[in-house]
Amino acid sequence: MLLHDLDLSGNCYKVRLFAALTGTSLDLVPVNFAAGQHHDPAFRKLNPFEEVPVLVDGDFILRDSQAILVYLAGRLPDRSWWPDDSRSQASIMQWLSVAASEVRGGPNVARLIRKFGYALDMDAALRQTGRLLPLLDAHVATRDWFALDRPTIADCALFPYLALAPEGGIDLSPYPALARWFGRVRSLAGFIPMPGL
């Protein structure tokens with residue numbers, strides 16, 4: 001399987017992290033964003049949205065990091081990361097949605113502005129982050145993992161842009177339960193870092 005990848009992308013890192021934690025083999029294909037490679041016609045055939053990551057598994061092409069996590073986890077004999085029952089899947093999906101919505105629009109946008117100079121709305125990103133982080137901190141104050149009683153793809157999806165929040169100028173010190181969760185993720189066998197972590 002090929003993963004079209006960008007080193008500094010938290011969305012790409014979600015997939016690389018999950019693959020490392022589960023021993024899933026991926027061949028990385030770097031995409032040169034600085035040179036505009038994501039706008040090239042060849043790349044746009046893979047993903048007309050011109051975004052990474054993109055997974056290519058034979059003739060199957062899949063975009064979106066959350067969808068890729070579901071696909072990879074669903075192929076594993078060990079179903080602990082994405083169980084077969086609908087209740088567990090729904091519990092995980094609600095956190096994948098938070099990763100794709102509130103985390104993306106909050107800490108991720110703040111990082112895009114401060115670290116990469118994107119012309120986005122910092123006030124809106126900080127408001128969303130200010131609402132989000134206390135909710136997440138309270139959730140993991142009474143449990144070890146976000147969705148189930150063990151790590152799942154929900155934790156992989158949430159981890160990057162929350163842990164990278166300081167790159168967006170966000171102070172994580174008021175959230176000790178999140179800090180402990182970061183530590184649990186980092187202590188998982190096979191954990192790999194990314195730039196900034």
# chains A, B, ... in the order shown; residues from 1 in each chain; ligands from 1
call {"tool": "residues_around", "arguments": {"residues": "region 35-45 of chain A", "least_positions_apart": "2", "cutoff": "12 Å", "atoms": "only C-alpha atoms", "output": "list in words"}}
result
His4, Asp5, Leu6, Val29, Pro30, Val31, Asn32, Phe33, Asn47, Pro48, Phe49, Glu50, Glu51, Val52, Pro53, Val54, Leu55, Val56, Ile61, Leu62 and Arg63 of chain A
call {"tool": "select_by_dssp", "arguments": {"residues": "chain A", "states": "alpha helix (DSSP H)", "output": "PyMOL selection string"}}
result
chain A and resi 10-22+41-46+65-74+86-98+109-116+122-140+153-163+176-186
call {"tool": "write_last_selection", "arguments": {"atoms": "C-alpha atoms", "output": "PDB file, in the first residue's frame"}}
result
ATOM      1  CA  GLY A  10      -1.021  15.941  11.249  1.00  0.00           C
ATOM      2  CA  ASN A  11      -3.551  14.154   9.061  1.00  0.00           C
ATOM      3  CA  CYS A  12      -0.791  12.158   7.378  1.00  0.00           C
ATOM      4  CA  TYR A  13       0.799  11.524  10.751  1.00  0.00           C
ATOM      5  CA  LYS A  14      -2.447   9.969  12.054  1.00  0.00           C
ATOM      6  CA  VAL A  15      -2.097   7.286   9.420  1.00  0.00           C
ATOM      7  CA  ARG A  16       1.669   6.816   9.888  1.00  0.00           C
ATOM      8  CA  LEU A  17       1.152   6.560  13.655  1.00  0.00           C
ATOM      9  CA  PHE A  18      -1.598   3.956  13.351  1.00  0.00           C
ATOM     10  CA  ALA A  19       0.485   1.938  10.893  1.00  0.00           C
ATOM     11  CA  ALA A  20       3.449   2.024  13.276  1.00  0.00           C
ATOM     12  CA  LEU A  21       1.333   0.987  16.276  1.00  0.00           C
ATOM     13  CA  THR A  22      -0.152  -1.974  14.404  1.00  0.00           C
ATOM     14  CA  PRO A  41      -2.921  16.647 -12.791  1.00  0.00           C
ATOM     15  CA  ALA A  42      -1.418  13.288 -11.784  1.00  0.00           C
ATOM     16  CA  PHE A  43      -2.078  13.976  -8.105  1.00  0.00           C
ATOM     17  CA  ARG A  44      -5.528  15.428  -8.787  1.00  0.00           C
ATOM     18  CA  LYS A  45      -6.495  12.095 -10.361  1.00  0.00           C
ATOM     19  CA  LEU A  46      -5.815  10.531  -6.973  1.00  0.00           C
ATOM     20  CA  SER A  65      -7.306  10.458   7.088  1.00  0.00           C
ATOM     21  CA  GLN A  66     -10.308   9.280   9.120  1.00  0.00           C
ATOM     22  CA  ALA A  67     -11.543   7.071   6.265  1.00  0.00           C
ATOM     23  CA  ILE A  68      -8.043   5.663   5.822  1.00  0.00           C
ATOM     24  CA  LEU A  69      -7.867   4.803   9.536  1.00  0.00           C
ATOM     25  CA  VAL A  70     -11.187   2.935   9.299  1.00  0.00           C
ATOM     26  CA  TYR A  71     -10.010   1.059   6.212  1.00  0.00           C
ATOM     27  CA  LEU A  72      -6.648   0.035   7.648  1.00  0.00           C
ATOM     28  CA  ALA A  73      -8.088  -0.964  11.021  1.00  0.00           C
ATOM     29  CA  GLY A  74     -10.858  -2.961   9.367  1.00  0.00           C
ATOM     30  CA  SER A  86     -22.088  -1.153  15.858  1.00  0.00           C
ATOM     31  CA  ARG A  87     -22.004   0.322  19.365  1.00  0.00           C
ATOM     32  CA  SER A  88     -18.205   0.380  19.457  1.00  0.00           C
ATOM     33  CA  GLN A  89     -18.023   1.720  15.917  1.00  0.00           C
ATOM     34  CA  ALA A  90     -20.471   4.512  16.757  1.00  0.00           C
ATOM     35  CA  SER A  91     -18.489   5.405  19.886  1.00  0.00           C
ATOM     36  CA  ILE A  92     -15.335   5.667  17.778  1.00  0.00           C
ATOM     37  CA  MET A  93     -17.064   7.547  14.945  1.00  0.00           C
ATOM     38  CA  GLN A  94     -18.260  10.331  17.201  1.00  0.00           C
ATOM     39  CA  TRP A  95     -14.609  11.072  18.056  1.00  0.00           C
ATOM     40  CA  LEU A  96     -13.481  10.772  14.437  1.00  0.00           C
ATOM     41  CA  SER A  97     -16.080  13.463  13.733  1.00  0.00           C
ATOM     42  CA  VAL A  98     -14.646  15.676  16.478  1.00  0.00           C
ATOM     43  CA  VAL A 109      -6.394  26.207  12.136  1.00  0.00           C
ATOM     44  CA  ALA A 110      -4.440  28.045  14.853  1.00  0.00           C
ATOM     45  CA  ARG A 111      -1.352  26.022  13.895  1.00  0.00           C
ATOM     46  CA  LEU A 112      -1.872  26.703  10.171  1.00  0.00           C
ATOM     47  CA  ILE A 113      -1.986  30.448  10.888  1.00  0.00           C
ATOM     48  CA  ARG A 114       0.906  30.697  13.316  1.00  0.00           C
ATOM     49  CA  LYS A 115       3.297  28.106  11.883  1.00  0.00           C
ATOM     50  CA  PHE A 116       2.543  28.288   8.164  1.00  0.00           C
ATOM     51  CA  MET A 122      -7.443  33.145  14.406  1.00  0.00           C
ATOM     52  CA  ASP A 123     -10.167  34.549  16.667  1.00  0.00           C
ATOM     53  CA  ALA A 124     -12.614  31.884  15.503  1.00  0.00           C
ATOM     54  CA  ALA A 125      -9.980  29.158  15.892  1.00  0.00           C
ATOM     55  CA  LEU A 126      -9.187  30.265  19.448  1.00  0.00           C
ATOM     56  CA  ARG A 127     -12.872  30.474  20.386  1.00  0.00           C
ATOM     57  CA  GLN A 128     -13.448  26.945  19.111  1.00  0.00           C
ATOM     58  CA  THR A 129     -10.318  25.708  20.900  1.00  0.00           C
ATOM     59  CA  GLY A 130     -11.340  27.413  24.134  1.00  0.00           C
ATOM     60  CA  ARG A 131     -14.657  25.589  24.069  1.00  0.00           C
ATOM     61  CA  LEU A 132     -13.202  22.265  22.950  1.00  0.00           C
ATOM     62  CA  LEU A 133     -10.216  21.657  25.204  1.00  0.00           C
ATOM     63  CA  PRO A 134     -12.101  21.750  28.548  1.00  0.00           C
ATOM     64  CA  LEU A 135     -14.600  19.229  27.159  1.00  0.00           C
ATOM     65  CA  LEU A 136     -11.858  16.860  26.010  1.00  0.00           C
ATOM     66  CA  ASP A 137      -9.912  17.275  29.250  1.00  0.00           C
ATOM     67  CA  ALA A 138     -13.012  16.446  31.302  1.00  0.00           C
ATOM     68  CA  HIS A 139     -13.676  13.379  29.152  1.00  0.00           C
ATOM     69  CA  VAL A 140     -10.238  11.833  29.678  1.00  0.00           C
ATOM     70  CA  ILE A 153      -8.368   4.763  15.891  1.00  0.00           C
ATOM     71  CA  ALA A 154     -10.219   7.577  17.710  1.00  0.00           C
ATOM     72  CA  ASP A 155      -7.086   8.208  19.769  1.00  0.00           C
ATOM     73  CA  CYS A 156      -4.914   8.176  16.646  1.00  0.00           C
ATOM     74  CA  ALA A 157      -7.241  10.664  14.958  1.00  0.00           C
ATOM     75  CA  LEU A 158      -7.349  13.093  17.881  1.00  0.00           C
ATOM     76  CA  PHE A 159      -3.723  12.976  18.993  1.00  0.00           C
ATOM     77  CA  PRO A 160      -1.772  14.937  16.347  1.00  0.00           C
ATOM     78  CA  TYR A 161      -3.468  18.321  16.250  1.00  0.00           C
ATOM     79  CA  LEU A 162      -4.152  18.320  19.996  1.00  0.00           C
ATOM     80  CA  ALA A 163      -0.532  17.517  20.837  1.00  0.00           C
ATOM     81  CA  PRO A 176      -3.680  17.985  32.946  1.00  0.00           C
ATOM     82  CA  ALA A 177      -5.912  15.077  31.939  1.00  0.00           C
ATOM     83  CA  LEU A 178      -5.100  15.678  28.284  1.00  0.00           C
ATOM     84  CA  ALA A 179      -1.410  15.796  29.201  1.00  0.00           C
ATOM     85  CA  ARG A 180      -1.724  12.382  30.854  1.00  0.00           C
ATOM     86  CA  TRP A 181      -3.512  11.059  27.758  1.00  0.00           C
ATOM     87  CA  PHE A 182      -0.707  12.403  25.548  1.00  0.00           C
ATOM     88  CA  GLY A 183       1.671  10.418  27.738  1.00  0.00           C
ATOM     89  CA  ARG A 184      -0.367   7.243  27.364  1.00  0.00           C
ATOM     90  CA  VAL A 185      -0.370   7.587  23.581  1.00  0.00           C
ATOM     91  CA  ARG A 186       3.383   8.217  23.538  1.00  0.00           C
TER      92      ARG A 186
END
call {"tool": "select_by_dssp", "arguments": {"residues": "region 17-152 of chain A", "states": "strand (DSSP E)", "output": "ChimeraX atom specification"}}
result
/A:27-30,54-57,60-63
call {"tool": "closest_residue", "arguments": {"among": "A:Gly190, A:Gly23, A:Phe60, A:Pro195", "to": "Met1 (chain A)", "atoms": "only C-alpha atoms"}}
result
A:Phe60
call {"tool": "closest_residue", "arguments": {"among": "A:Pro174, A:Leu120, A:Pro77, A:Pro151", "to": "Ser187 (chain A)", "atoms": "only C-alpha atoms"}}
result
A:Pro151
call {"tool": "atom_distance", "arguments": {"atom1": "CA of Thr152 (chain A)", "atom2": "CA of Pro83 (chain A)"}}
result
9.0 Å
